[in-house]
Structure formats: C-alpha cells, structure tokens
Amino acid sequence: MIILPSEYYTSNQNNISLIMSCIQRWEMKDIKIPHSPTWGCIKTATHYPFFIIINNPALSLRLPVDVMFEPHAEGMFNYNLVVDVKKKPSPLQLNVKGEGYKMQVSCTVQDDKGSQLTLLPGNTNNIINFGEVQLNEKSLQKVTLTNAGKFDCLFDWKLSVPPRLQRETPVVSVTPSSGVISPGSRASCDVAFCPPHKLTLRDVTAICEIKNGRPFPISLIGAGILPDLHFSFKTHDFGPCFLYQPGMSHQTVNLIITNQDIRDISIDCLYQSNPVLEVDAKPCVIPAGKRTEIPISFYPRDIVTYSETVQFLVNGLSTVDVTINGQGTELKVLVTSPKKKVVNFGALQVGETSTKTVSLVNKSLAAVTFLLVAAPNATLPSGVLSINPAMEITMKPRSSQLDVQVRFTPTSRVPYFSEEVMLECLGGVSVPLFTIQGSCQAVGIELDTEHIPFGGVVRGAQSTRKLVMYNTGDIGARFRWDDTSFVPDFSISPVEGYVATGMQVEFTITFHPTQHNRDVRYDNLVCHIEDGTQLYLTLTGACIPATPTKEVLNFVCSVRSKESRSITLHNKTGALWTLVPVIEGEYFSGAEQLIVEAGQHRQYEVTYHPLTMTTENRKHNGSIFFPLPDGTGLLYNMTGFSDQPRPITTVTNDIPAKTQHTETLKIHNWLRVPQRFIVIREILKPDKPDPATNLRGFDYIDVPGLSEREYKLHFEAFKEGNVHSKITFKNEQSGEYQFYFVTYKVSAAGVIDTIRLTAPVRQSVSHTIPIFNPLNTSVTLNTQLQNSTEISLLPTFTVPANSEGLFSFEYMPLKAGDSTARILFNSVDLGQYIYEVELTATPAGPERALVFKTGLGNSQVLQARLINYSKTKVDYTSKTDNQDFHVEKNTQPATSGGVGGTEVTIEVTFEPSQLGDSKGVLTVSSGGGGEYIFPLHGHCHHPKPQGPFTIRAGQSIPVQFKNVFSAPTTFILSVDNPLFSVKQSELIRAKKTINIMVTYNGSPSGQALPVQTGKLIITNPKGSSGQSIHWIFYLKGISEKH
C-alpha cells in the first residue's frame, strides 16, 4: 500500500474481505490492533452485524472490511491486525504494509532584470511588486514551480481580487492557470498586470494551490500610471492663409512635446498627412527630461475653413488629440488700369533713360509681403532695367494701392525684349503683374558657352568639342582667336573669320595632351572682335595613363535558430549518478540535471541558440563540465558558428497601380534591453527600378526588450509589373539584423476616382483633377476622352518635377439626361490614369418669350433666335402646341457651333382664332443640338375697320375675307346704305379666304349722285366668347361722272 507524497500526511483506504466457511454458528466479535506508537495510523470499519449465524455448512460468507492508512511521518510501516472470532480456536491474522511520502515542490519568481526570489509555502509575506506600469501596458513576472519528488504534482491558481477591480477589464491574470508537473520537471507561469486606467494595485492575492501539498499565497502590488508628457499646445489656428501653389512657402508651426516623466516615452503619430495638412512626425523615443519638435505645415487648397485632428499614440498604449484650424484665401494683387499692363519704352539709344509709373492695388483679404522681380532675360544686360521700390513691400488688405516706377537705362545694345514683372511672395510664388517692352540698337557677338570640360584623355589620343559663336547684333563683324595661347594641349579651327548679322560660326576644339597631368586648365583664352570687344573661353581636361588589364562539439546554424548535439555518458559504476552539469558559454544550454543508472548510459542534449552572428576568426566558444560522484569529471569544449539569419517570411501581395498600400511587418527584439533598428529598403527586381515606384517607411524603429513592434511599410507603384524587395532591420551598434522578402504584383490601376458633375443644358461647369508627379523630372501626359462629346479638355498636360499638377476640363451639355464618360491620362513614366465622370444634364430654362398683339383676322410674325453649340452640322425641327401659332419652315439647318456657337433664326406667325389672350410653346429640337423652349404669348383684340373700297356705279368689286375659325362658319353679310348690295350670307370653310362681291347700284333714275358712303358689315353670330363679332369694311360709291 503506497501513499502519494504530500506536504500533508494524507490517508489511503483499501478494502479487504474475510471469507468464512463453517458448520456451526460463528460470532465475530472485534478486530484488534496491537498497541504500538505507530498503530495510530490504522483505522478499521466493518459493514456486517455483530452476530452472524451460518446454518448451512456449505455456505461461505464474504465480509468487507475497510482499512484506512494515515501516515504522520515519512518511512515504511508494517502492521499485524488480529480478528477475534467467537468459538474459533485461534484469531485471524491480517498483515498491512505501507509507506508515507511528502510532496516536494519549490516556487521561485524571476523579475524583468533576471534576478530570482524563492517563495515559501503558506507564507503570507510572499510579494510580487510590478512597480509603476503605464496604462494598457502589460508587465510580466515569471513564476517557476519545480517538482523534486517522484510523483506528478497538480497545481491550480486562484485569484483574490477586491470588488473595486472586479468590475473592470481583468487587470491581473495568470497563464497557465493550472497544470501537471512531472517528477523532476518544472513549469513556468506568467503573472501579468495590465492597468486599463490609473489605479493602485493592492489587496490582490494570487494563490498557487498544490494538490496534497501546501499552497503558495502571493500578494500582488503595483500601480497604473499615465506618462507625464507635455504638449506645447492642444489647439492651433493658422488663421487666413493664401491658397497653396507649387513652389510657394507654407505656414508651419512647431509642436513641442516635452517628456516630464522619469522614464523614456515613445511617440507615434497616427495622423495620415494629406495635401492640406502635413505632419512631419516620425516614431521616436523621448528620453526623460528631453523634448522633440514636430513641424506641422498648412497647405490650404480651397477658400474654405479647415479643421483637422492630429492624434498621437503614446507608448503604443494611449492617444492625445491636437486640433489644427485654418482658412484658405485668394491672392489678388492687380494693376489698377488695364492699359498699364504693358509698359512700352520703345527704341532708345545708348545713354538714354526713360521712366514709367504703374499703380498696383491689393484686393486680397490678407496682407501681402512681396518683391517685384523682372523675369530673367538672357538678352537683357544687368542693370539696364530697374524697378522701384526694390525692397520687400507689404500691402495692407482690401484695396490698398502702391505706385511702382520702372526705369530703362541701356548702356549697350539691347535687342527687342518683352519682359514680365513678377510679384514674388510666399517663399516662391510668382504672379505676373505687367509686361515691359523696349530695345536699344548696338552690336553683339557671344559664345554659346564660356567653359568646355573635356574630362580624362589618354596620352597620345585626342578628343574634340564643338563651340558656336552667335551674332545677335545689328551688323556683322570679324573675329580672331589668339591661337598661340591654346598650345601645346589644345587647338581651335577656324582661328579667324567673319560672322554676319543673325548668323553663327561653329568652331572645332581639339584636346591632345602630351604629358600626364590630372588637372589641365587653360583660363581666359581670348577671341578679339572687330569692334574692340573680347570674348573669353576656359578649357579643362585631364591626361591619364593607360590602365592594363581533443573531442570538440561543433555547432553550425543560422543566427537566432537552434541546433542540438548529444553527449553519451556511461556509468560503469554500481551506484546511481545524479549529475548537475556546468555549462559555460552565453549561447549554450542544456538540462539542469541528468540521472544515469548504475551500469547504464544516457544521452545528454546540448542546444546552441546564438543571438549574434560570428565571423571566421571569432566564433562562439563554450564548455560543459560533468562533475562525477567519485570527485572526477568530464569536460567537453564547444564551438559554435552562427551564420546569417534566414528571412522571417516572404510577403506576397497583389496591388493595383497608383494605390497606396501599407504592409505591416512584425519586428521581434530577442534581447532583454530595447533595440533600435535602422530600416534598409532595397528593391531587388527589376534590376533598374522604375523611378515612380515608391517603397517608404520610417528609417528607424525602436523595439522594447523581449517584445514585438509593428513596422508600417508603405508601397506605391504607378506602373504595372512585379517588384521584389528586401526589407532589413539592422542594429547599427551590434550589426545584427533580421529581414523580410516582400513581393508585389502590380496590376492595372482601374478607375482612380469617380467625378460627378451636374450642369443645366447649354451652361458649362469646370472641374480640376490633381495629379502628383513623384519624379525628379517633369512629365507630360496625353489626355483621351471616351464616350462623350460634351467635355472640352487639352490634348496634353505637363506636371513639374516633384509637384502636383492641376488639370482642368469643362463640361457643357446640349441635351438633358445622365451619361458616363472616361478621361484617360497616358504617360510613359507614370502609366495610365483612368477617371470615371458621371454626367447629369438638367433641363434648360425657357428662352426669351415672344409677345404678339394683333386683331382678329390679322396675323403677326416674330423671330425666335437661338445659339447652336453643336460641333457638327444639324437640322432643327420646330413645332407649336397651339394652332394660333405656327411656323412656316418646320426644319431649319444650322452649321457647326464652334467655340462661341452660331445663331439660328426661326419665324413664328401668330394668327388668332378668338378674342383675348392665347398662350403656347414653341419647341425647337435637334438630335445633336438639344432642345430649346420659347414661351409664346398672344393678345387678340376686335378687328379694326378697313377701307374705304371705291366702287363705280353699276359695278362690283371683290372684298377679301378669311374665316379665321377652325370650323366651317356661316357669316351674315349686310350693308347700311341701300345703294350698295351684297348677298345675305356666306358659308366659308375653316381657315379659307374668299372674295365677297359688293355692288354699287347708283341712282335708280340714272341721274348722277354725289359720292355715297356705306359699310359692309360681316357678322359671326356665334363667336367663341358667346358674343357676335363684326368686321367692318368702308365703302365709297361714285358715279361715272366722278
């Protein structure tokens, strides 16, 4: 019977059975235990009646008896139990053997400095002090449990946390919380403290309970603190600032962050800089008592008010917000009079002086400090043109004025020039103000360069260069070189000659050195001009010589990887060996103990885990010593060679072109102390990387000891292809490094942005697309428009080096509706940019209304005028929605509109069919030119009398009359003088004109009568208004004599 070891003496219970065969009645009375100092370890319990009667001789009875063993000391125990059975001649004998053991468990704590502390079981003074821990930071203390016994040990951690901390996110944890330790082994548990806010850790106990053993209570203390970091400001307002243009200076403020804490603090800016606000903040560690400055630059792009929040990450745990405000405003400095935008001095003679005055006005909302500078002009000698004031000027905002004097004093020939005077302000912005023109006639000859370098030339060889002489003067002149000053190393041809006005002469200069000389220089070689002036030339080069064509354990592994070797130990003695090896060497390790049974052999494994690289002459050396029980020992020498590290991993991603991608790389610090790594970014393939391919990130990263940090790698490529790169993180002090292979497959960019434009028909709206050129040279992009004829854009667009270019286009729709277009920019250097443009054309408002006014039965014609913007020849169709208005020509051709459009005229006739007001709409439309709406307003009044119509006696005349109604109508005809006659009625078809015959009868007696007058009255008895309408025609009757 064996009892499991424990710090406490435990009990063990076994069950035995008594078998009795009898032929008579037996009575079991008691089980006796002989008196002994150790008999107190045995207890018995029976589960049968005191008297048992067995009547059947063949009956066998099995009675269970429980025996419990509770040792109070370590060692072997032997017991003899006596069972008295009544009427049995001799008692029953039961021998019980057992052995007692203790649980042998030790507990140690290792702090972050590597020192160890042994904890006592049951001792309430066991303390783990985490010290001061910053918010959200995790502090670890390693607790090691060692089982020195022969049996498995079960442990279980219990945490006692006060109620004030139970409501929070767990601030204390133990990992693992339970487990089993094999004999001769150990287990490590991490006790972690992570404060979510400022607090004091007290009244917290971690108890490690050992099964069948004594527990280890540990008091946990510590504090969660905020880093004492001071920001020079939390809010800053730049105020009104001029809109940023490439090349201009910008508004900058320095944010000063001071570490007032007693420990170092790391700062990382989470704000992503944009075209408006740039924060030049790199991740850094601020030593205690030190400070750092972070420039914040403001680049307003629009006339709006800006407000941005810049967030800083402190120690990778907490954040601080800084608010930046500002306003964009426009620069407006103009010439007061448009006539003064060109200052013309005319043609002056040498020695003459002319002065002009130009007035400037500042219409900006902010004060402007600037210089007036004339644009550089190679043809204009220095000093002949002066501008006053020449010093820096400050003009107040809102219409302050300044008079500028420009003086032209030529002292030699000046060809006709046209030079712009620029307003230079804001650190590099140039705004043209006015142009200066003038000239001074004289003679001028010049060389295209004054210095020609030849570089290195081998002795006995020669090299030639070209030199050009220009005559930009008004007359020709002869020239002559001093050829003796060229020898012996140089020669020139031709030596002399004549250069006419506007012509040029090309010279050939040969370098043929005769002696080895690293610095051959001929300064101020003279060319004499006929008018007495001289030109100077400097030649340089170099003449260079011709160039002819006992057992040692050796370990080899990559740094920070592991390799193991085994040593065989033979125990030839008759005793058990318990060996504790002694290992020397920083990077060598093995088991703390090795047991070799008598007459046996065991393998001992040594592991080599180098943290630094070795060289050919400097390897890692170490030794391992096995002390033997007889006083001797075994010593082995070890040598380790640590090769270059393997890549952490290979990262592969598919990235669209012109897309900024951020890759997160995890960097591990294998040391207990913080390390600073310099980041080396290399593009391995292609061999000649595209200049537009950008692989960037911070140049340094700090990683705390035995921790891990994330490095943000930013990648952007403008063209398609595969980019293979190597990202190395190197400790400059130790030379140790780790690296990643990062491969990107750059695919086509697709649509970069979708632009939404809305404009009424025949009204234009413009939009600007920014394109950034990351190259050191300017780039020209070819533009292409797809699926639209309503967008106007330039065929090419040039973006300066390292600048942002703004490309503007205009949209003017001709028809209402929605459509989609594409604008493509193509460049050999930057690839293709695709922008989707969603176009919405809203209906145009009505054109100018046509107003008519005429009488019933009459008509009026007016012209409707429209502007045709179609870029091709089109036909316009006209129609009205009221029969009182009509167009003679339903189709009107129109030529292409061009830039300003062409005018189209349409005649509209108003012929009313009823009294009062009439309204209608004239619609003019074309498939290519769009639709125009003209409101029509007409007013019809009562018909006016007509005539007189003269009729001779006995004759008839026709009077034209039209039925203006839309239905056949019967009109009543009458005259008010009986000497005139007409039929009584007439049925006239709709919109038809007939002749009504009116007769003058004269005197019935045939006598001559004076002139007779009368009226022909035509009546519509049922007018549209319910009233009769009368048309009156005056009649005049005359006799033959008249």
# chains A, B, ... in the order shown; residues from 1 in each chain; ligands from 1
$ select_by_dssp --residues "segment 925-971 of chain A" --states "strand (DSSP E or B)" --output "ChimeraX atom specification"
/A:925-926,930-941,946-952,955-962,969-971
$ write_last_selection --atoms "N, CA and C atoms" --output "compact mmCIF listing (two decimals), in the first residue's frame"
# COMPACT_ATOMS: atom_id res chain seq x y z
N SER A 925 -35.96 71.54 -81.63
CA SER A 925 -35.12 70.44 -81.15
C SER A 925 -34.30 69.87 -82.31
N SER A 926 -33.18 69.22 -81.88
CA SER A 926 -32.30 68.56 -82.82
C SER A 926 -31.60 67.42 -82.09
N GLY A 930 -29.76 69.57 -79.17
CA GLY A 930 -30.56 69.71 -77.97
C GLY A 930 -31.92 70.33 -78.26
N GLU A 931 -32.55 70.78 -77.20
CA GLU A 931 -33.93 71.27 -77.28
C GLU A 931 -34.00 72.67 -76.69
N TYR A 932 -34.77 73.59 -77.37
CA TYR A 932 -34.98 74.96 -76.92
C TYR A 932 -36.49 75.18 -76.77
N ILE A 933 -36.86 75.83 -75.68
CA ILE A 933 -38.28 76.10 -75.39
C ILE A 933 -38.49 77.60 -75.39
N PHE A 934 -39.43 78.08 -76.25
CA PHE A 934 -39.77 79.50 -76.31
C PHE A 934 -41.22 79.66 -75.88
N PRO A 935 -41.51 80.35 -74.79
CA PRO A 935 -42.91 80.67 -74.43
C PRO A 935 -43.50 81.64 -75.45
N LEU A 936 -44.78 81.43 -75.82
CA LEU A 936 -45.47 82.29 -76.78
C LEU A 936 -46.67 82.92 -76.08
N HIS A 937 -46.78 84.25 -76.17
CA HIS A 937 -47.89 84.98 -75.56
C HIS A 937 -48.53 85.86 -76.66
N GLY A 938 -49.83 85.65 -76.92
CA GLY A 938 -50.51 86.43 -77.94
C GLY A 938 -51.78 87.09 -77.40
N HIS A 939 -52.06 88.30 -77.86
CA HIS A 939 -53.29 89.01 -77.48
C HIS A 939 -54.05 89.40 -78.75
N CYS A 940 -55.34 89.04 -78.79
CA CYS A 940 -56.18 89.33 -79.96
C CYS A 940 -57.29 90.31 -79.54
N HIS A 941 -57.35 91.45 -80.26
CA HIS A 941 -58.41 92.43 -79.97
C HIS A 941 -59.42 92.40 -81.13
N GLN A 946 -61.75 98.43 -92.12
CA GLN A 946 -60.84 98.51 -93.26
C GLN A 946 -61.50 99.33 -94.38
N GLY A 947 -60.69 99.78 -95.29
CA GLY A 947 -61.19 100.53 -96.43
C GLY A 947 -60.77 102.00 -96.41
N PRO A 948 -61.45 102.88 -97.19
CA PRO A 948 -62.65 102.57 -97.99
C PRO A 948 -62.31 101.87 -99.31
N PHE A 949 -63.30 101.07 -99.73
CA PHE A 949 -63.23 100.42 -101.03
C PHE A 949 -64.11 101.23 -102.02
N THR A 950 -63.50 101.71 -103.13
CA THR A 950 -64.22 102.57 -104.10
C THR A 950 -64.88 101.70 -105.17
N ILE A 951 -66.21 101.99 -105.40
CA ILE A 951 -66.99 101.23 -106.39
C ILE A 951 -67.70 102.23 -107.30
N ARG A 952 -67.60 102.01 -108.59
CA ARG A 952 -68.32 102.86 -109.54
C ARG A 952 -69.73 102.35 -109.69
N GLN A 955 -71.23 98.79 -110.90
CA GLN A 955 -70.15 97.81 -110.92
C GLN A 955 -70.03 97.13 -109.54
N SER A 956 -69.24 96.05 -109.55
CA SER A 956 -69.00 95.29 -108.30
C SER A 956 -67.48 95.11 -108.10
N ILE A 957 -67.11 95.03 -106.86
CA ILE A 957 -65.67 94.78 -106.52
C ILE A 957 -65.61 93.63 -105.52
N PRO A 958 -64.51 92.86 -105.51
CA PRO A 958 -64.35 91.78 -104.51
C PRO A 958 -63.69 92.34 -103.22
N VAL A 959 -64.19 91.87 -102.13
CA VAL A 959 -63.59 92.20 -100.81
C VAL A 959 -63.12 90.87 -100.20
N GLN A 960 -61.82 90.76 -99.98
CA GLN A 960 -61.27 89.50 -99.42
C GLN A 960 -61.59 89.39 -97.93
N PHE A 961 -62.03 88.15 -97.56
CA PHE A 961 -62.37 87.89 -96.16
C PHE A 961 -61.96 86.44 -95.84
N LYS A 962 -61.37 86.25 -94.69
CA LYS A 962 -60.89 84.91 -94.28
C LYS A 962 -61.64 84.44 -93.06
N THR A 969 -67.92 78.10 -91.05
CA THR A 969 -68.78 79.07 -90.37
C THR A 969 -69.62 79.83 -91.41
N THR A 970 -70.87 80.07 -91.05
CA THR A 970 -71.76 80.89 -91.89
C THR A 970 -71.76 82.32 -91.36
N PHE A 971 -71.34 83.27 -92.20
CA PHE A 971 -71.26 84.67 -91.81
C PHE A 971 -72.46 85.44 -92.43
$ residues_around --residues "Gly149 of chain A" --least-positions-apart "4" --cutoff "7 Å" --atoms "only C-alpha atoms" --output "list in words"
Met103, Gln104, Pro183 and Gly184 of chain A
$ write_last_selection --atoms "N, CA and C atoms" --output "PDB file, in the first residue's frame"
ATOM      1  N   MET A 103       5.027  15.777  -0.465  1.00  0.00           N
ATOM      2  CA  MET A 103       5.125  16.465  -1.766  1.00  0.00           C
ATOM      3  C   MET A 103       6.271  17.468  -1.693  1.00  0.00           C
ATOM      4  N   GLN A 104       7.225  17.421  -2.631  1.00  0.00           N
ATOM      5  CA  GLN A 104       8.406  18.287  -2.616  1.00  0.00           C
ATOM      6  C   GLN A 104       8.334  19.259  -3.801  1.00  0.00           C
ATOM      7  N   PRO A 183       7.552  14.443 -12.384  1.00  0.00           N
ATOM      8  CA  PRO A 183       8.683  14.363 -11.431  1.00  0.00           C
ATOM      9  C   PRO A 183       9.981  14.828 -12.091  1.00  0.00           C
ATOM     10  N   GLY A 184      10.726  15.647 -11.348  1.00  0.00           N
ATOM     11  CA  GLY A 184      11.992  16.172 -11.843  1.00  0.00           C
ATOM     12  C   GLY A 184      11.844  17.259 -12.885  1.00  0.00           C
TER      13      GLY A 184
END
$ residues_around --residues "Val335 of chain A" --least-positions-apart "3" --cutoff "7 Å" --atoms "only C-alpha atoms" --output "list in words"
Pro338, Lys340, Lys341, Ser359, Leu360, Val361 and Leu433 of chain A
$ write_last_selection --atoms "all heavy atoms" --output "short mmCIF file (atom, residue, chain, number, x, y, z; two decimals), in the first residue's frame"
data_model
loop_
_atom_site.label_atom_id
_atom_site.label_comp_id
_atom_site.auth_asym_id
_atom_site.auth_seq_id
_atom_site.Cartn_x
_atom_site.Cartn_y
_atom_site.Cartn_z
N PRO A 338 -6.03 98.59 -66.76
CA PRO A 338 -5.62 97.57 -67.75
C PRO A 338 -4.64 98.10 -68.79
O PRO A 338 -3.84 97.34 -69.34
CB PRO A 338 -6.95 97.15 -68.38
CG PRO A 338 -7.99 97.49 -67.36
CD PRO A 338 -7.50 98.73 -66.67
N LYS A 340 -2.13 99.87 -68.27
CA LYS A 340 -0.77 99.85 -67.73
C LYS A 340 -0.18 98.44 -67.65
O LYS A 340 0.94 98.27 -67.13
CB LYS A 340 -0.78 100.46 -66.32
CG LYS A 340 -1.14 101.94 -66.29
CD LYS A 340 -0.05 102.79 -66.93
CE LYS A 340 -0.35 104.28 -66.78
NZ LYS A 340 0.73 105.11 -67.36
N LYS A 341 -0.91 97.43 -68.11
CA LYS A 341 -0.37 96.07 -68.05
C LYS A 341 0.78 95.88 -69.04
O LYS A 341 1.52 94.91 -68.93
CB LYS A 341 -1.48 95.05 -68.33
CG LYS A 341 -2.48 94.92 -67.18
CD LYS A 341 -3.47 93.82 -67.44
CE LYS A 341 -2.83 92.45 -67.31
NZ LYS A 341 -2.38 92.15 -65.94
N SER A 359 0.57 101.69 -61.18
CA SER A 359 -0.10 101.63 -59.88
C SER A 359 -0.65 100.23 -59.64
O SER A 359 -1.30 99.65 -60.52
CB SER A 359 -1.25 102.66 -59.81
OG SER A 359 -0.73 103.97 -59.89
N LEU A 360 -0.40 99.71 -58.43
CA LEU A 360 -0.88 98.39 -58.03
C LEU A 360 -1.91 98.52 -56.93
O LEU A 360 -1.87 99.49 -56.14
CB LEU A 360 0.27 97.51 -57.53
CG LEU A 360 1.46 97.31 -58.47
CD1 LEU A 360 2.50 96.41 -57.81
CD2 LEU A 360 1.00 96.71 -59.79
N VAL A 361 -2.83 97.57 -56.85
CA VAL A 361 -3.86 97.56 -55.80
C VAL A 361 -3.95 96.12 -55.25
O VAL A 361 -3.87 95.14 -55.99
CB VAL A 361 -5.24 98.01 -56.36
CG1 VAL A 361 -5.72 97.12 -57.48
CG2 VAL A 361 -6.27 98.07 -55.23
N LEU A 433 2.44 90.58 -63.19
CA LEU A 433 1.68 91.81 -62.98
C LEU A 433 1.57 92.63 -64.28
O LEU A 433 0.47 92.95 -64.72
CB LEU A 433 2.32 92.67 -61.88
CG LEU A 433 2.24 92.10 -60.46
CD1 LEU A 433 2.99 93.01 -59.51
CD2 LEU A 433 0.79 91.94 -60.02
#
$ residues_around --residues "segment 888-903 of chain A" --least-positions-apart "6" --cutoff "12 Å" --atoms "only C-alpha atoms" --output "VMD selection string"
chain A and resid 762 792 812 814 861 to 880 909 to 910 922 to 926 928 to 929
$ atom_distance --atom1 "atom CA of Glu446 of chain A" --atom2 "atom CA of Thr540 of chain A"
20.1 Å
$ closest_residue --among "A:Pro912, A:Gln311, A:Thr146, A:Thr758" --to "Pro843 of chain A" --atoms "only C-alpha atoms"
A:Thr758
$ select_by_dssp --residues "segment 132-230 of chain A" --states "alpha helix (DSSP H)" --output "ChimeraX atom specification"
/A:163-166
$ write_last_selection --atoms "N, CA, C and O atoms" --output "PDB file, in the first residue's frame"
ATOM      1  N   PRO A 163     -13.620  43.952  -4.852  1.00  0.00           N
ATOM      2  CA  PRO A 163     -14.752  44.318  -5.728  1.00  0.00           C
ATOM      3  C   PRO A 163     -14.481  45.526  -6.603  1.00  0.00           C
ATOM      4  O   PRO A 163     -14.991  45.624  -7.701  1.00  0.00           O
ATOM      5  N   ARG A 164     -13.657  46.471  -6.162  1.00  0.00           N
ATOM      6  CA  ARG A 164     -13.422  47.680  -6.958  1.00  0.00           C
ATOM      7  C   ARG A 164     -12.689  47.384  -8.274  1.00  0.00           C
ATOM      8  O   ARG A 164     -12.717  48.187  -9.197  1.00  0.00           O
ATOM      9  N   LEU A 165     -12.013  46.233  -8.341  1.00  0.00           N
ATOM     10  CA  LEU A 165     -11.315  45.860  -9.566  1.00  0.00           C
ATOM     11  C   LEU A 165     -12.041  44.789 -10.363  1.00  0.00           C
ATOM     12  O   LEU A 165     -11.681  44.504 -11.495  1.00  0.00           O
ATOM     13  N   GLN A 166     -13.072  44.179  -9.768  1.00  0.00           N
ATOM     14  CA  GLN A 166     -13.779  43.119 -10.472  1.00  0.00           C
ATOM     15  C   GLN A 166     -14.670  43.659 -11.570  1.00  0.00           C
ATOM     16  O   GLN A 166     -15.015  42.946 -12.505  1.00  0.00           O
TER      17      GLN A 166
END
$ residues_around --residues "Ser115 of chain A" --least-positions-apart "5" --cutoff "12 Å" --atoms "only C-alpha atoms" --output "number ranges by chain"
A: 108-110, 141-143
$ atom_distance --atom1 "atom CA of Ser913 of chain A" --atom2 "atom CA of Gly857 of chain A"
7.5 Å
$ residues_around --residues "Ser185 of chain A" --least-positions-apart "5" --cutoff "12 Å" --atoms "only C-alpha atoms" --output "ChimeraX atom specification"
/A:104-106,144-153,180,591-594
